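> This is the structure I want to talk about, given as structure tokens.
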Amino acid sequence: GADVYSFQEEEPVLDPHLAKHLAHFGIDMLHMHGTENGLQDNDIKPRVSEWEVIQESGTKLKPMYGPGYTGLKNLGNSCYLSSVMQAIFSIPEFQRAYVGNLPRIFDYSPLDPTQDFNTQMTKLGHGLLSGQYSKPPVKSELIEQVMKEEHKPQQNGISPRMFKAFVSKSHPEFSSNRQQDAQEFFLHLVNLVERNRIGSENPSDVFRFLVEERIQCCQTRKVRYTERVDYLMQLPVAMEAATNKDELIAYELTRREAEANRRPLPELVRAKIPFSACLQAFSEPDNVDDFWSSALQAKSAGVKTSRFASFPEYLVVQIKKFTFGLDWVPKKFDVSIDMPDLLDINHLRARGLQPGEEELPDISPPIVIPDDSKDRLMNQLIDPSDIDESSVMQLAEMGFPLEACRKAVYFTGNMGAEVAFNWIIVHMEEPDFAEPLTMPGYGGAASAGASVFGATGLDNQPPEEIVAIITSMGFQRNQAIQALRATNNNLERALDWIFSHPEFEEDSDFVIEMENNANANIISEAKPEGPRVKDGSGTYELFAFISHMGTSTMSGHYICHIKKEGRWVIYNDHKVCASERPPKDLGYMYFYHRIPS
């Protein structure tokens, strides 16, 4: 027998029948033979995998106890949730909003607190920060562990079962036991915080920032500037800028030769990508697909550049490690990026319309064909019950979320898996990519079509069909009505209006009065406010990062490193230890806080 790693116990265990188990996979460990280089198979230097590096295997990690050092039990592929929540509750604004208001939140919680977001957030935050569930073992427990040959102190952590059940409720992916994308869960959590804020206090304000998008018509050189709200910065992986290309080529040749000859694989060589190259790739112009130039009133080539119209208090950076291979199978870039401890992005500050630039005319296309999931809700498409499940399963087998596959097949009219796959490629970066398909009822294609193209009734009362569509997305009825009135009943513009005015709250009496006087010729509108942002300097310091191990977001494992009291701490589910070698170059999501100027 020999020691093998057990994922259930999360530590090495003795396997007395290892030879028999390996033989099942065609490995004969009892008759290992010499290789061409004269070494025995078991003398080959083990590869340094990301699992070993990220979890800091091979180092003696000292367990940490006390307030802020409590782990979370893994409920079965719930590490994505645990990692995000550990990072979230290391932020003072979230600590104050929930744990700081614990008495008031608990006193005013509903009869069923299991169905209240703020109660569940406060309960989880208190469990992580109080220290009541992270106490070092007493002397008698240590003696008992030694007697049982359990030399490592046991950390139990707390179970986030009730919290996970609530935040994942009605979500087809997060409510399952499958592995998920930590970035998608982060945005899902921010959305829940926004919708359940306590009074005027909204801790997610610390993540919100404005992005200025500059679109230029390549033919006329005219430009258009728009702003949108975002909560994280997505950095592309600049593989072409790898500094060790010769090593990568040599490794790939050696690996293929070893696979062909069934020899042990060589030690892994990772691409080393400069962070500056990723930042440069982020700032470069992107081509705009199907760009319609209002200056030419025709389709033309267009490019888009993005800049920060404001800098957030806390900047979340996601490394876009996941892509598709030549065979269209999802894969992950196993790369090393020299992420800086101090980050300065002030040079990415938006500057607005520049002298000499001419704006594109504010003219809409004569016919707008919706091309995203929200717009397609207005089209007369197939009945949801008639979705081709075989195409859905073909896409799901590629590793895509099941609900995203259903939407792809639905919005492409059952035209096959290949067409639906193209839809997925276009829409997979959208925040609601994995949200369930919802089809509210509406009457008649004529009224729906007129609404999409901005047709307005004589009484300027938004059609109930469009109001129902917006409210089905989770927005309030008064928000839907005000947004549609402000945008001439255009669904696409109304959604943009809502997202760009999250702090606007219309007086309920005003809404009732407006609905009762729908035929009024003069309609007074409250002046909406812009989204609330905490602008400031673009200089940041790294304080946390989340790492992913595995080949896809649908598999693998997440852990989190957080800098506390001047040193890095590793949070690996229920185990919380002092970090010896934090793998900052292998992270997936990075959390920076602003350095006061």
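Letters A, B, ... mark the chains of the structure tokens in the order given; residue numbers begin at 1 per chain; ligand numbers begin at 1, in order shown.
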Which residues come within 12 Å of Trp328 (chain A), counting only C-alpha atoms, excluding same-chain residues fewer than 6 positions away, as a compact mmCIF listing (two decimals) with C-alpha atoms, in the first residue's frame?


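As written to disk, selection_3.txt reads:
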# COMPACT_ATOMS: atom_id res chain seq x y z
CA PHE A 322 -11.27 30.46 -20.44
CA LEU A 395 -24.21 22.00 -26.25
CA GLU A 397 -21.94 18.18 -23.21
CA MET A 398 -19.43 20.84 -24.30
CA GLY A 399 -19.54 22.23 -20.76
CA PHE A 400 -21.95 25.15 -21.17
CA GLU A 418 -24.08 24.61 -34.75
CA PHE A 421 -23.23 27.39 -30.64
CA ASN A 422 -22.54 30.62 -32.56
CA ILE A 424 -23.36 31.14 -27.28
CA ILE A 425 -20.02 32.50 -28.50

> Measuring between only C-alpha atoms, which one of A:Val409, A:Leu75, A:Ala404, A:Leu128 shows the shortest distance to Ser391 (chain A)?

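Checking each candidate against Ser391 (chain A), we get A:Val409 as the closest.
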
> Measuring between only C-alpha atoms, which one of A:Cys79, A:Ile387, A:Ala480, A:Met554 shows the shortest distance to Gln180 (chain A)?

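When distances to Gln180 (chain A) are compared using only C-alpha atoms, the smallest one comes from A:Met554.
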
> Figure out the distance between CA of Met233 (chain A) and CA of Asp341 (chain A), please, to one decimal in Å.

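Distance between the two atoms: 16.4 Å.
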
> Write out as a ChimeraX atom specification all residues of region 189-370 of chain A that DSSP puts in alpha helix (DSSP H) for this structure's backbone.

/A:189-195,245-260,275-283

> Give me, as a list in words, all polymer residues having an atom no more than 7 Å from Phe209 (chain A), counting only C-alpha atoms and skipping those fewer than 4 positions away in the same chain.

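With the cut-off at 7 Å, the set is Val229, Asp230, Tyr231, Ser310, Phe311, Pro312 and Val533 of chain A.
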